[in-house]
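Below is one structure, written out as structure tokens; comments come after it.
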Amino acid sequence: MSLLMKFRIPPPVIFLACATVMWFLPPVYSFPRYLWTIALLFVCSGAIGTLSLWQFWQAKTTVDPIALEKASQLVVSGVYRFSRNPMYLSLALLLLAWGLWLGSLSAVIFLIVFLFSITQLQIKPEEKVLEKLFGEEYRSYKQKVRRWI
């Protein structure tokens with residue numbers, strides 16, 4: 001088992017770290033806040049996150065991003081037909097809303113750091129475990145559904 005697989009940072013911690021850094025970043029370019037855009041992103045984030053958690057609960061499988069080997073079912077319906085990682089997509093949309101609320105291009109651009117970090121530190125290790133657990137079923141799902149959207 002690789003060191004990365006042994007010592008993983010939970011995705012909510014990565015999210016909070018990114019949100020905190022965004023708060024402290026010096027603004028490169030400031031722009032006005034469009035509350036309707038921020039609210040729409042916030043609502044979409046909440047809906048996607050809630051639906052994805054609900055589907056895991058319905059499937060009676062774990063949502064623990066650290067104990068991946070406890071996954072008992074591959075969830076491929078609902079929001080999982082459009083994204084293999086709607087929970088992380090939900091966090092990304094929330095960070096985008098946060099960056100827009102801060103009104104700074106540097107904060108919005110920092111979203112890229114979150115996307116890269118969560119992909120490398122969480123999603124890629126998850127994919128390896130899911131492929132081991134679910135084999136061809138997961139490989140087929142990967143062919144049909146994109147990682148993010």
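How things are named: the first chain in the structure tokens is A, the next is B, and so on; residues count from 1 in each chain; ligands count from 1 in the order shown.
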
Closest-contact table, range 1-112 of chain A side, partner range 129-148 of chain A, 6 Å, counting only C-alpha atoms, as JSON lines:
```
{"residue": "A:Ser83", "atom": "CA", "partner": "A:Trp148", "partner_atom": "CA", "distance": 5.2}
{"residue": "A:Arg84", "atom": "CA", "partner": "A:Arg147", "partner_atom": "CA", "distance": 5.0}
{"residue": "A:Asn85", "atom": "CA", "partner": "A:Trp148", "partner_atom": "CA", "distance": 5.9}
```

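Closest approach to Phe82 in chain A from the set A:Ile149, A:Ile123, A:Ala59, A:Ser45 is made by A:Ile149, with distances taken over only C-alpha atoms.
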
One decimal, in Å: what's the spacing between CA of Val108 in chain A and CA of Leu96 in chain A?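 Here the two named atoms are 6.1 Å from each other.
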
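Between CA of Pro26 in chain A and CA of Leu111 in chain A lies a distance of 14.8 Å.
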
Enumerate, as JSON, numbers by chain, the complete set of residues in chain A that a backbone-based DSSP assignment places in alpha helix (DSSP H). {"A": [3, 4, 5, 6, 11, 12, 13, 14, 15, 16, 17, 18, 19, 20, 21, 22, 23, 24, 35, 36, 37, 38, 39, 40, 41, 42, 43, 44, 45, 46, 47, 48, 49, 50, 51, 52, 53, 54, 55, 56, 57, 58, 59, 86, 87, 88, 89, 90, 91, 92, 93, 94, 95, 96, 97, 98, 99, 100, 101, 102, 105, 106, 107, 108, 109, 111, 112, 113, 114, 115, 116, 117, 118, 124, 125, 126, 127, 128, 129, 130, 131, 132, 133, 134, 135, 136, 137, 138, 139, 140, 141, 142, 143, 144]}

Need the shell around Val63 in chain A: protein/DNA/RNA residues with any atom at most 12 Å away, counting only C-alpha atoms. Skip same-chain ones fewer than 2 positions apart. Format as a PDB file with N, CA, C and O atoms, in the first residue's frame?
```pdb
ATOM      1  N   PRO A  10      -8.951  13.666   4.765  1.00  0.00           N
ATOM      2  CA  PRO A  10     -10.382  13.627   4.423  1.00  0.00           C
ATOM      3  C   PRO A  10     -10.766  14.819   3.536  1.00  0.00           C
ATOM      4  O   PRO A  10     -10.316  15.953   3.769  1.00  0.00           O
ATOM      5  N   PRO A  11     -11.586  14.581   2.506  1.00  0.00           N
ATOM      6  CA  PRO A  11     -11.989  15.657   1.599  1.00  0.00           C
ATOM      7  C   PRO A  11     -12.555  16.902   2.286  1.00  0.00           C
ATOM      8  O   PRO A  11     -12.233  18.018   1.849  1.00  0.00           O
ATOM      9  N   GLY A  49     -24.980  17.617  -3.388  1.00  0.00           N
ATOM     10  CA  GLY A  49     -24.425  16.940  -2.216  1.00  0.00           C
ATOM     11  C   GLY A  49     -25.465  16.106  -1.488  1.00  0.00           C
ATOM     12  O   GLY A  49     -25.219  14.955  -1.125  1.00  0.00           O
ATOM     13  N   SER A  52     -26.511  13.024  -3.626  1.00  0.00           N
ATOM     14  CA  SER A  52     -25.481  11.988  -3.672  1.00  0.00           C
ATOM     15  C   SER A  52     -25.381  11.242  -2.344  1.00  0.00           C
ATOM     16  O   SER A  52     -25.250  10.015  -2.328  1.00  0.00           O
ATOM     17  N   LEU A  53     -25.478  11.959  -1.241  1.00  0.00           N
ATOM     18  CA  LEU A  53     -25.470  11.288   0.072  1.00  0.00           C
ATOM     19  C   LEU A  53     -26.713  10.419   0.242  1.00  0.00           C
ATOM     20  O   LEU A  53     -26.645   9.296   0.761  1.00  0.00           O
ATOM     21  N   TRP A  54     -27.865  10.914  -0.205  1.00  0.00           N
ATOM     22  CA  TRP A  54     -29.120  10.159  -0.126  1.00  0.00           C
ATOM     23  C   TRP A  54     -29.003   8.841  -0.896  1.00  0.00           C
ATOM     24  O   TRP A  54     -29.443   7.791  -0.433  1.00  0.00           O
ATOM     25  N   GLN A  55     -28.397   8.892  -2.070  1.00  0.00           N
ATOM     26  CA  GLN A  55     -28.266   7.677  -2.869  1.00  0.00           C
ATOM     27  C   GLN A  55     -27.346   6.659  -2.196  1.00  0.00           C
ATOM     28  O   GLN A  55     -27.602   5.467  -2.265  1.00  0.00           O
ATOM     29  N   PHE A  56     -26.313   7.112  -1.548  1.00  0.00           N
ATOM     30  CA  PHE A  56     -25.447   6.192  -0.802  1.00  0.00           C
ATOM     31  C   PHE A  56     -26.229   5.576   0.365  1.00  0.00           C
ATOM     32  O   PHE A  56     -26.100   4.397   0.655  1.00  0.00           O
ATOM     33  N   TRP A  57     -27.019   6.387   1.033  1.00  0.00           N
ATOM     34  CA  TRP A  57     -27.813   5.891   2.154  1.00  0.00           C
ATOM     35  C   TRP A  57     -28.822   4.858   1.656  1.00  0.00           C
ATOM     36  O   TRP A  57     -29.003   3.818   2.276  1.00  0.00           O
ATOM     37  N   GLN A  58     -29.470   5.145   0.532  1.00  0.00           N
ATOM     38  CA  GLN A  58     -30.433   4.211  -0.056  1.00  0.00           C
ATOM     39  C   GLN A  58     -29.773   2.883  -0.426  1.00  0.00           C
ATOM     40  O   GLN A  58     -30.374   1.828  -0.284  1.00  0.00           O
ATOM     41  N   ALA A  59     -28.544   2.955  -0.931  1.00  0.00           N
ATOM     42  CA  ALA A  59     -27.810   1.755  -1.333  1.00  0.00           C
ATOM     43  C   ALA A  59     -27.186   1.027  -0.139  1.00  0.00           C
ATOM     44  O   ALA A  59     -26.626  -0.053  -0.295  1.00  0.00           O
ATOM     45  N   LYS A  60     -27.286   1.645   1.053  1.00  0.00           N
ATOM     46  CA  LYS A  60     -26.719   1.079   2.274  1.00  0.00           C
ATOM     47  C   LYS A  60     -25.212   0.784   2.135  1.00  0.00           C
ATOM     48  O   LYS A  60     -24.723  -0.268   2.508  1.00  0.00           O
ATOM     49  N   THR A  61     -24.522   1.772   1.580  1.00  0.00           N
ATOM     50  CA  THR A  61     -23.071   1.657   1.448  1.00  0.00           C
ATOM     51  C   THR A  61     -22.414   2.840   2.154  1.00  0.00           C
ATOM     52  O   THR A  61     -23.075   3.832   2.455  1.00  0.00           O
ATOM     53  N   PRO A  65     -14.895   8.491   3.139  1.00  0.00           N
ATOM     54  CA  PRO A  65     -13.909   8.591   2.059  1.00  0.00           C
ATOM     55  C   PRO A  65     -12.547   7.999   2.414  1.00  0.00           C
ATOM     56  O   PRO A  65     -11.686   7.889   1.555  1.00  0.00           O
ATOM     57  N   ILE A  66     -12.370   7.613   3.656  1.00  0.00           N
ATOM     58  CA  ILE A  66     -11.099   7.037   4.084  1.00  0.00           C
ATOM     59  C   ILE A  66     -11.155   5.516   4.070  1.00  0.00           C
ATOM     60  O   ILE A  66     -10.222   4.852   3.644  1.00  0.00           O
ATOM     61  N   ALA A  67     -12.264   4.941   4.514  1.00  0.00           N
ATOM     62  CA  ALA A  67     -12.428   3.478   4.562  1.00  0.00           C
ATOM     63  C   ALA A  67     -13.107   2.977   3.289  1.00  0.00           C
ATOM     64  O   ALA A  67     -14.209   2.449   3.307  1.00  0.00           O
ATOM     65  N   LEU A  68     -12.435   3.152   2.173  1.00  0.00           N
ATOM     66  CA  LEU A  68     -13.007   2.812   0.869  1.00  0.00           C
ATOM     67  C   LEU A  68     -13.318   1.326   0.722  1.00  0.00           C
ATOM     68  O   LEU A  68     -14.251   0.955   0.025  1.00  0.00           O
ATOM     69  N   GLU A  69     -12.533   0.509   1.376  1.00  0.00           N
ATOM     70  CA  GLU A  69     -12.726  -0.940   1.257  1.00  0.00           C
ATOM     71  C   GLU A  69     -14.047  -1.408   1.864  1.00  0.00           C
ATOM     72  O   GLU A  69     -14.478  -2.529   1.638  1.00  0.00           O
ATOM     73  N   LYS A  70     -14.725  -0.537   2.607  1.00  0.00           N
ATOM     74  CA  LYS A  70     -16.017  -0.888   3.203  1.00  0.00           C
ATOM     75  C   LYS A  70     -17.181  -0.684   2.233  1.00  0.00           C
ATOM     76  O   LYS A  70     -18.314  -0.988   2.572  1.00  0.00           O
ATOM     77  N   ALA A  71     -16.896  -0.179   1.027  1.00  0.00           N
ATOM     78  CA  ALA A  71     -17.957   0.031   0.039  1.00  0.00           C
ATOM     79  C   ALA A  71     -18.591  -1.308  -0.302  1.00  0.00           C
ATOM     80  O   ALA A  71     -17.904  -2.268  -0.648  1.00  0.00           O
ATOM     81  N   SER A  72     -19.908  -1.378  -0.180  1.00  0.00           N
ATOM     82  CA  SER A  72     -20.609  -2.639  -0.426  1.00  0.00           C
ATOM     83  C   SER A  72     -21.363  -2.633  -1.747  1.00  0.00           C
ATOM     84  O   SER A  72     -21.775  -3.684  -2.221  1.00  0.00           O
ATOM     85  N   GLN A  73     -21.539  -1.453  -2.331  1.00  0.00           N
ATOM     86  CA  GLN A  73     -22.270  -1.328  -3.593  1.00  0.00           C
ATOM     87  C   GLN A  73     -21.710  -0.196  -4.418  1.00  0.00           C
ATOM     88  O   GLN A  73     -21.248   0.803  -3.870  1.00  0.00           O
ATOM     89  N   LEU A  74     -21.782  -0.372  -5.722  1.00  0.00           N
ATOM     90  CA  LEU A  74     -21.393   0.680  -6.633  1.00  0.00           C
ATOM     91  C   LEU A  74     -22.651   1.463  -6.993  1.00  0.00           C
ATOM     92  O   LEU A  74     -23.604   0.897  -7.521  1.00  0.00           O
ATOM     93  N   VAL A  75     -22.679   2.746  -6.668  1.00  0.00           N
ATOM     94  CA  VAL A  75     -23.848   3.578  -6.946  1.00  0.00           C
ATOM     95  C   VAL A  75     -23.637   4.242  -8.310  1.00  0.00           C
ATOM     96  O   VAL A  75     -22.667   4.982  -8.499  1.00  0.00           O
ATOM     97  N   ASN A  85     -18.253  11.631  -9.260  1.00  0.00           N
ATOM     98  CA  ASN A  85     -17.872  12.231  -7.978  1.00  0.00           C
ATOM     99  C   ASN A  85     -18.747  13.420  -7.612  1.00  0.00           C
ATOM    100  O   ASN A  85     -18.243  14.526  -7.384  1.00  0.00           O
ATOM    101  N   MET A  87     -20.238  14.207  -4.890  1.00  0.00           N
ATOM    102  CA  MET A  87     -19.970  14.793  -3.567  1.00  0.00           C
ATOM    103  C   MET A  87     -18.834  15.806  -3.665  1.00  0.00           C
ATOM    104  O   MET A  87     -18.902  16.890  -3.078  1.00  0.00           O
ATOM    105  N   TYR A  88     -17.791  15.463  -4.424  1.00  0.00           N
ATOM    106  CA  TYR A  88     -16.659  16.378  -4.590  1.00  0.00           C
ATOM    107  C   TYR A  88     -17.040  17.536  -5.516  1.00  0.00           C
ATOM    108  O   TYR A  88     -16.580  18.662  -5.322  1.00  0.00           O
ATOM    109  N   GLU A 126      -9.325   6.374  -4.790  1.00  0.00           N
ATOM    110  CA  GLU A 126     -10.666   5.777  -4.750  1.00  0.00           C
ATOM    111  C   GLU A 126     -10.909   4.915  -5.969  1.00  0.00           C
ATOM    112  O   GLU A 126     -11.443   3.811  -5.866  1.00  0.00           O
TER     113      GLU A 126
END
```

Could you list, as a PyMOL selection string, every residue within 12 Å of Leu100 in chain A, counting only C-alpha atoms and ignoring same-chain residues fewer than 3 positions away? chain A and resi 19+22-23+27+29-42+93-97+103-111
